[in-house]
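One file, final_21.cif, is given below (mmCIF, C-alpha atoms).
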data_work
loop_
_atom_site.label_atom_id
_atom_site.label_comp_id
_atom_site.auth_asym_id
_atom_site.auth_seq_id
_atom_site.Cartn_x
_atom_site.Cartn_y
_atom_site.Cartn_z
CA MET A 215 96.14 5.39 124.70
CA ALA A 216 98.61 3.64 126.95
CA GLU A 217 99.72 5.66 129.93
CA GLY A 218 103.36 6.16 130.76
CA GLN A 219 105.67 8.68 132.35
CA VAL A 220 104.52 12.27 131.85
CA ILE A 221 107.36 14.30 130.32
CA LEU A 222 107.76 17.74 131.90
CA LYS A 223 108.90 20.30 129.34
CA SER A 224 111.54 22.96 129.86
CA GLU A 225 110.91 26.64 129.11
CA TYR A 226 112.86 26.18 125.86
CA GLU A 227 110.77 23.19 124.80
CA ILE A 228 107.55 25.04 125.58
CA MET A 229 108.80 27.99 123.53
CA LYS A 230 109.49 25.68 120.57
CA MET A 231 106.05 24.11 120.87
CA ALA A 232 104.51 27.59 121.01
CA GLU A 233 106.26 28.40 117.73
CA ALA A 234 104.71 25.32 116.13
CA GLY A 235 101.36 26.27 117.66
CA LYS A 236 101.51 29.68 115.98
CA TYR A 237 101.54 27.87 112.65
CA ASN A 238 98.48 25.88 113.72
CA ALA A 239 96.69 29.16 114.39
CA LEU A 240 97.82 30.68 111.08
CA PHE A 241 96.65 27.57 109.22
CA PHE A 242 93.18 27.76 110.74
CA ARG A 243 92.89 31.45 109.87
CA GLU A 244 93.90 30.83 106.27
CA LEU A 245 91.69 27.76 105.96
CA GLY A 246 88.78 29.84 107.22
CA GLN A 247 89.16 32.01 104.11
CA TYR A 248 89.21 28.93 101.87
CA ILE A 249 86.68 26.44 103.21
CA GLN A 250 83.23 26.52 101.57
CA ALA A 251 80.43 24.29 100.40
CA GLY A 252 81.31 22.29 97.29
CA LEU A 253 84.88 21.52 98.28
CA SER A 254 85.88 17.96 99.05
CA THR A 255 87.70 17.08 102.25
CA MET A 256 90.63 16.12 99.99
CA ASP A 257 90.71 19.73 98.81
CA LEU A 258 91.28 20.71 102.45
CA GLU A 259 94.02 18.07 102.68
CA ASN A 260 95.76 19.50 99.62
CA PHE A 261 95.48 23.00 101.11
CA ALA A 262 97.12 21.74 104.32
CA CYS A 263 99.98 20.03 102.49
CA ALA A 264 100.68 23.21 100.48
CA PHE A 265 100.63 25.23 103.71
CA CYS A 266 103.15 22.90 105.36
CA ASP A 267 105.42 22.98 102.30
CA LYS A 268 105.29 26.79 102.19
CA HIS A 269 106.30 27.16 105.84
CA GLY A 270 108.81 24.31 106.10
CA LEU A 271 106.62 22.22 108.43
CA PHE A 272 106.27 18.46 108.61
CA PRO A 273 102.61 17.31 108.71
CA THR A 274 102.82 15.33 111.96
CA PHE A 275 99.94 12.93 111.33
CA LYS A 276 101.84 11.41 108.39
CA ALA A 277 104.31 9.97 110.91
CA GLU A 278 101.53 7.90 112.49
CA PRO A 279 101.60 4.21 111.45
CA ARG A 280 99.29 3.48 108.49
CA TYR A 281 98.05 7.10 108.27
CA HIS A 282 98.99 8.98 105.12
CA TRP A 283 97.29 12.37 105.48
CA ALA A 284 98.09 15.75 107.00
CA LEU A 285 94.54 16.22 108.32
CA CYS A 286 91.65 14.51 109.97
CA VAL A 287 88.41 16.08 108.64
CA SER A 288 85.13 15.17 110.33
CA ILE A 289 81.72 16.39 109.17
CA ASN A 290 78.65 16.76 111.40
CA GLU A 291 78.14 13.56 113.45
CA GLU A 292 81.55 12.11 112.65
CA VAL A 293 83.72 11.94 115.77
CA VAL A 294 87.36 12.79 114.97
CA HIS A 295 89.70 10.86 112.67
CA GLY A 296 87.70 11.43 109.46
CA ILE A 297 89.96 10.55 106.52
CA PRO A 298 90.17 13.10 103.66
CA SER A 299 88.42 11.94 100.49
CA LYS A 300 87.61 13.30 97.04
CA GLN A 301 84.15 11.78 97.44
CA LYS A 302 83.31 13.56 100.70
CA ILE A 303 81.85 16.93 99.64
CA ILE A 304 81.17 19.73 102.13
CA GLN A 305 77.54 20.87 102.02
CA ASP A 306 75.92 24.16 102.99
CA GLY A 307 74.98 23.91 106.67
CA ASP A 308 77.71 21.43 107.62
CA ILE A 309 79.93 21.80 110.64
CA VAL A 310 83.41 20.64 109.68
CA SER A 311 86.06 19.78 112.28
CA VAL A 312 89.61 19.98 110.97
CA ASP A 313 92.46 18.50 113.04
CA ILE A 314 96.10 19.13 112.16
CA GLY A 315 99.47 18.51 113.72
CA VAL A 316 102.58 20.33 112.51
CA THR A 317 106.17 19.58 113.50
CA LEU A 318 108.71 22.41 113.60
CA ASP A 319 112.30 21.63 114.59
CA GLY A 320 111.10 18.39 116.16
CA TYR A 321 108.36 19.96 118.30
CA ILE A 322 104.67 19.48 117.65
CA GLY A 323 101.70 21.81 117.58
CA ASP A 324 98.41 19.89 117.49
CA SER A 325 94.92 21.35 117.47
CA CYS A 326 91.45 21.16 115.98
CA TYR A 327 88.99 23.81 114.83
CA THR A 328 85.35 23.46 113.82
CA TYR A 329 84.00 25.59 110.97
CA MET A 330 80.34 26.39 110.44
CA VAL A 331 79.82 26.37 106.67
CA GLY A 332 77.04 28.49 105.23
CA ASN A 333 73.54 28.36 106.68
CA VAL A 334 74.05 26.28 109.82
CA SER A 335 71.05 25.15 111.89
CA PRO A 336 70.35 26.74 115.29
CA GLN A 337 71.10 23.40 116.98
CA ALA A 338 74.49 23.17 115.28
CA LYS A 339 75.28 26.74 116.35
CA LYS A 340 74.25 25.87 119.90
CA LEU A 341 76.55 22.82 119.84
CA CYS A 342 79.52 24.83 118.58
CA GLY A 343 78.87 27.54 121.17
CA ALA A 344 78.61 25.02 124.00
CA THR A 345 81.83 23.27 123.05
CA ARG A 346 83.74 26.55 122.80
CA GLU A 347 82.42 27.62 126.20
CA ALA A 348 83.44 24.24 127.65
CA LEU A 349 86.95 24.68 126.25
CA ASP A 350 87.23 28.13 127.79
CA LYS A 351 86.01 26.87 131.17
CA ALA A 352 88.51 24.00 131.12
CA ILE A 353 91.41 26.29 130.21
CA LYS A 354 90.59 28.63 133.10
CA ILE A 355 91.00 25.90 135.73
CA ILE A 356 94.25 24.47 134.33
CA ARG A 357 97.12 25.33 136.69
CA PRO A 358 99.64 23.52 138.89
CA GLY A 359 97.73 21.69 141.62
CA ALA A 360 94.54 21.16 139.58
CA THR A 361 93.73 17.62 138.48
CA ILE A 362 92.83 15.83 135.26
CA GLY A 363 89.41 15.23 136.84
CA ASP A 364 88.96 18.99 137.24
CA ILE A 365 89.39 19.44 133.48
CA GLY A 366 86.90 16.72 132.57
CA HIS A 367 84.44 17.94 135.17
CA ALA A 368 84.57 21.49 133.82
CA ILE A 369 83.68 20.25 130.34
CA GLN A 370 81.07 17.67 131.33
CA SER A 371 79.28 19.87 133.82
CA HIS A 372 78.89 22.62 131.23
CA VAL A 373 77.66 20.65 128.21
CA GLU A 374 75.35 18.10 129.80
CA PRO A 375 72.85 20.63 131.26
CA LEU A 376 72.62 22.09 127.74
CA GLY A 377 71.45 18.73 126.38
CA PHE A 378 74.76 17.55 124.92
CA SER A 379 77.04 14.68 125.90
CA VAL A 380 80.77 14.01 125.84
CA VAL A 381 82.48 11.29 123.84
CA ARG A 382 84.07 8.76 126.16
CA GLU A 383 85.80 6.58 123.56
CA TYR A 384 88.38 9.24 122.72
CA VAL A 385 90.37 11.52 125.00
CA GLY A 386 92.68 14.49 124.85
CA HIS A 387 96.39 13.86 125.28
CA GLY A 388 99.75 15.33 126.02
CA VAL A 389 102.05 16.36 123.20
CA GLY A 390 105.70 17.27 122.76
CA THR A 391 108.13 15.60 120.40
CA ARG A 392 105.70 12.72 119.91
CA MET A 393 102.14 12.96 118.68
CA HIS A 394 100.51 11.23 121.64
CA GLU A 395 102.17 11.60 125.01
CA PRO A 396 100.80 10.98 128.50
CA PRO A 397 98.63 11.95 130.18
CA SER A 398 95.24 11.06 128.74
CA VAL A 399 92.72 13.84 129.35
CA PRO A 400 89.08 12.67 129.30
CA HIS A 401 86.29 15.17 128.65
CA TYR A 402 84.44 13.93 131.72
CA GLY A 403 85.43 13.35 135.30
CA ARG A 404 85.11 14.21 138.97
CA ALA A 405 86.62 17.35 140.42
CA GLY A 406 89.71 16.69 142.53
CA GLU A 407 90.39 13.23 141.09
CA GLY A 408 93.15 11.97 138.82
CA LEU A 409 96.67 13.10 138.06
CA VAL A 410 97.73 16.37 139.69
CA LEU A 411 98.95 18.91 137.14
CA GLN A 412 102.52 20.23 137.40
CA GLU A 413 104.39 23.08 135.79
CA GLY A 414 105.92 21.85 132.53
CA MET A 415 103.03 19.60 131.46
CA VAL A 416 101.81 20.27 127.95
#
Would you mind giving the structure from this file in structure tokens?
Amino acid sequence: MAEGQVILKSEYEIMKMAEAGKYNALFFRELGQYIQAGLSTMDLENFACAFCDKHGLFPTFKAEPRYHWALCVSINEEVVHGIPSKQKIIQDGDIVSVDIGVTLDGYIGDSCYTYMVGNVSPQAKKLCGATREALDKAIKIIRPGATIGDIGHAIQSHVEPLGFSVVREYVGHGVGTRMHEPPSVPHYGRAGEGLVLQEGMV
């Protein structure tokens, strides 16, 4: 992702993004009641489109060039950006990562949640636990004056001793009225290095 000027958000803009984010959270709760082995990833896509229609949301990913779906759905070893398909059937024991963006009044909520479907292996449970713990650790250090390197370091230093690695080809990103805004946020890094965080960054 090309870097550019980081856009600091006003209190109003952050409030509007929080409203969109509440719909992200509601979607993941409702999808958790629906997702099960035997469904296709296109079934999840159809569920997401119906959810957006019901709540007056625009499925943000459909605004991306050459992408026509509301979701990215990635199963097991797939790393983000899995395209929904009628042929891709969820199996008992799969871990399924579902990524959605919703736009409300021009402001975007964007997040991903991983579901453990049925009888998941101990290693898969360990992976999901480690990634959730890494997320929590990263969130705790985010504040004005911290750096992008602090975030990546918090994630990397937690998962690697547990036997896992971080993906370096893809990064987190800012969001606002566009799907991908600066800055890029790698899941690895050195503490104290990189862009210094400021109030208003989202």
Next item on the list: Could you tell me which residues the PyMOL selection byres ((chain A and resi 395-402) around 7) returns for this structure, as a list in words?
Entry: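 This file gives the following for the PyMOL selection byres ((chain A and resi 395-402) around 7): Glu217, Gly218, Gln219, Val220, Ile362, Gly366, His367, Ile369, Gln370, Val380, Val385, Gly386, His387, Gly388, Val389, Arg392, Met393, His394 and Gly403 of chain A.
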Dump as a tab-separated table (two decimals), in the coordinates of the input, selection limited to C-alpha atoms:
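Just written: part.tsv:
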chain	number	residue	atom	x	y	z
A	217	GLU	CA	99.72	5.66	129.93
A	218	GLY	CA	103.36	6.16	130.76
A	219	GLN	CA	105.67	8.68	132.35
A	220	VAL	CA	104.52	12.27	131.85
A	362	ILE	CA	92.83	15.83	135.26
A	366	GLY	CA	86.90	16.72	132.57
A	367	HIS	CA	84.44	17.94	135.17
A	369	ILE	CA	83.68	20.25	130.34
A	370	GLN	CA	81.07	17.67	131.33
A	380	VAL	CA	80.77	14.01	125.84
A	385	VAL	CA	90.37	11.52	125.00
A	386	GLY	CA	92.68	14.49	124.85
A	387	HIS	CA	96.39	13.86	125.28
A	388	GLY	CA	99.75	15.33	126.02
A	389	VAL	CA	102.05	16.36	123.20
A	392	ARG	CA	105.70	12.72	119.91
A	393	MET	CA	102.14	12.96	118.68
A	394	HIS	CA	100.51	11.23	121.64
A	403	GLY	CA	85.43	13.35	135.30
Write out, as CSV, each residue of stretch 312-353 of chain A that has an atom at most 12 Å from stretch 260-267 of chain A, together with the closest pair of atoms and their distance in Å to one decimal, counting all atoms listed in the file, rows going by chain and rising number.
residue,atom,partner,partner_atom,distance
A:Val312,CA,A:Ala262,CA,10.2
A:Asp313,CA,A:Ala262,CA,10.4
A:Ile314,CA,A:Ala262,CA,8.3
A:Gly315,CA,A:Cys266,CA,10.1
A:Val316,CA,A:Cys266,CA,7.6
A:Thr317,CA,A:Cys266,CA,9.3
A:Leu318,CA,A:Cys266,CA,10.0
For the selection just defined, write its residues with C-alpha atoms to a file, as a compact mmCIF listing (two decimals), in the frame of the given file.
# COMPACT_ATOMS: atom_id res chain seq x y z
CA VAL A 312 89.61 19.98 110.97
CA ASP A 313 92.46 18.50 113.04
CA ILE A 314 96.10 19.13 112.16
CA GLY A 315 99.47 18.51 113.72
CA VAL A 316 102.58 20.33 112.51
CA THR A 317 106.17 19.58 113.50
CA LEU A 318 108.71 22.41 113.60
Check: Between atom CA of A:Lys268 and atom CA of A:Val294, what is the distance, to one decimal in Å?
Finding: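 Spanning atom CA of A:Lys268 to atom CA of A:Val294 is a straight-line distance of 26.1 Å.
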Residues of stretch 281-360 of chain A that have any atom at most 10 Å from an atom of stretch 405-411 of chain A: could you tabulate them with the shortest-distance atom pair and the distance in Å to one decimal, using only C-alpha atoms, ordered by chain and increasing number, as JSON lines?
{"residue": "A:Ile356", "atom": "CA", "partner": "A:Leu411", "partner_atom": "CA", "distance": 7.8}
{"residue": "A:Arg357", "atom": "CA", "partner": "A:Leu411", "partner_atom": "CA", "distance": 6.7}
{"residue": "A:Pro358", "atom": "CA", "partner": "A:Leu411", "partner_atom": "CA", "distance": 5.0}
{"residue": "A:Gly359", "atom": "CA", "partner": "A:Leu411", "partner_atom": "CA", "distance": 5.4}
{"residue": "A:Ala360", "atom": "CA", "partner": "A:Leu411", "partner_atom": "CA", "distance": 5.5}
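Comparing A:Ala368, A:Val293, A:Gln337, A:Ile304 by their smallest distance to A:Glu383, the closest is A:Val293 (using all atoms listed in the file).
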Note to self: What's the separation between atom CA of A:His282 and atom CA of A:Val331, in Å to one decimal place?
What the structure shows: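 A separation of 25.9 Å between them.
Counting from atom CA of A:Leu341, the distance to atom CA of A:Ala284 is 26.1 Å.
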Margin query: Under the PyMOL selection byres ((chain A and resi 233) around 10), which residues of this model are included? Write them out as a VMD selection string.
Written below: chain A and resid 227 to 232 234 to 238 317 to 319 321 to 323
Next item on the list: Please evaluate the PyMOL selection byres ((chain A and resi 377) around 12) against the displayed coordinates and give the resulting residues as a PyMOL selection string.
Entry: chain A and resi 337+340-341+344-345+370-376+378-380
So which residues are close to (87.1, 25.9, 133.4), meaning at most 9 Å away in the file's coordinates with only C-alpha atoms counted, and can you show them as a PDB file with C-alpha atoms, in the coordinates of the input?
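The resulting file, result-v8.pdb, is reproduced below:
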ATOM      1  CA  GLU A 347      82.420  27.620 126.200  1.00  0.00           C
ATOM      2  CA  ALA A 348      83.440  24.240 127.650  1.00  0.00           C
ATOM      3  CA  LEU A 349      86.950  24.680 126.250  1.00  0.00           C
ATOM      4  CA  ASP A 350      87.230  28.130 127.790  1.00  0.00           C
ATOM      5  CA  LYS A 351      86.010  26.870 131.170  1.00  0.00           C
ATOM      6  CA  ALA A 352      88.510  24.000 131.120  1.00  0.00           C
ATOM      7  CA  ILE A 353      91.410  26.290 130.210  1.00  0.00           C
ATOM      8  CA  LYS A 354      90.590  28.630 133.100  1.00  0.00           C
ATOM      9  CA  ILE A 355      91.000  25.900 135.730  1.00  0.00           C
ATOM     10  CA  ILE A 356      94.250  24.470 134.330  1.00  0.00           C
ATOM     11  CA  ASP A 364      88.960  18.990 137.240  1.00  0.00           C
ATOM     12  CA  ILE A 365      89.390  19.440 133.480  1.00  0.00           C
ATOM     13  CA  HIS A 367      84.440  17.940 135.170  1.00  0.00           C
ATOM     14  CA  ALA A 368      84.570  21.490 133.820  1.00  0.00           C
ATOM     15  CA  ILE A 369      83.680  20.250 130.340  1.00  0.00           C
TER      16      ILE A 369
END
Put a box with edges along x, y and z around all the listed atoms of stretch 315-323 of chain A, pad it by 6 Å on each side, then give me its centre and sizes in Å, one decimal, as lines of an AutoDock Vina configuration file.
center_x = 105.9
center_y = 20.4
center_z = 115.4
size_x = 24.8
size_y = 16.0
size_z = 17.8
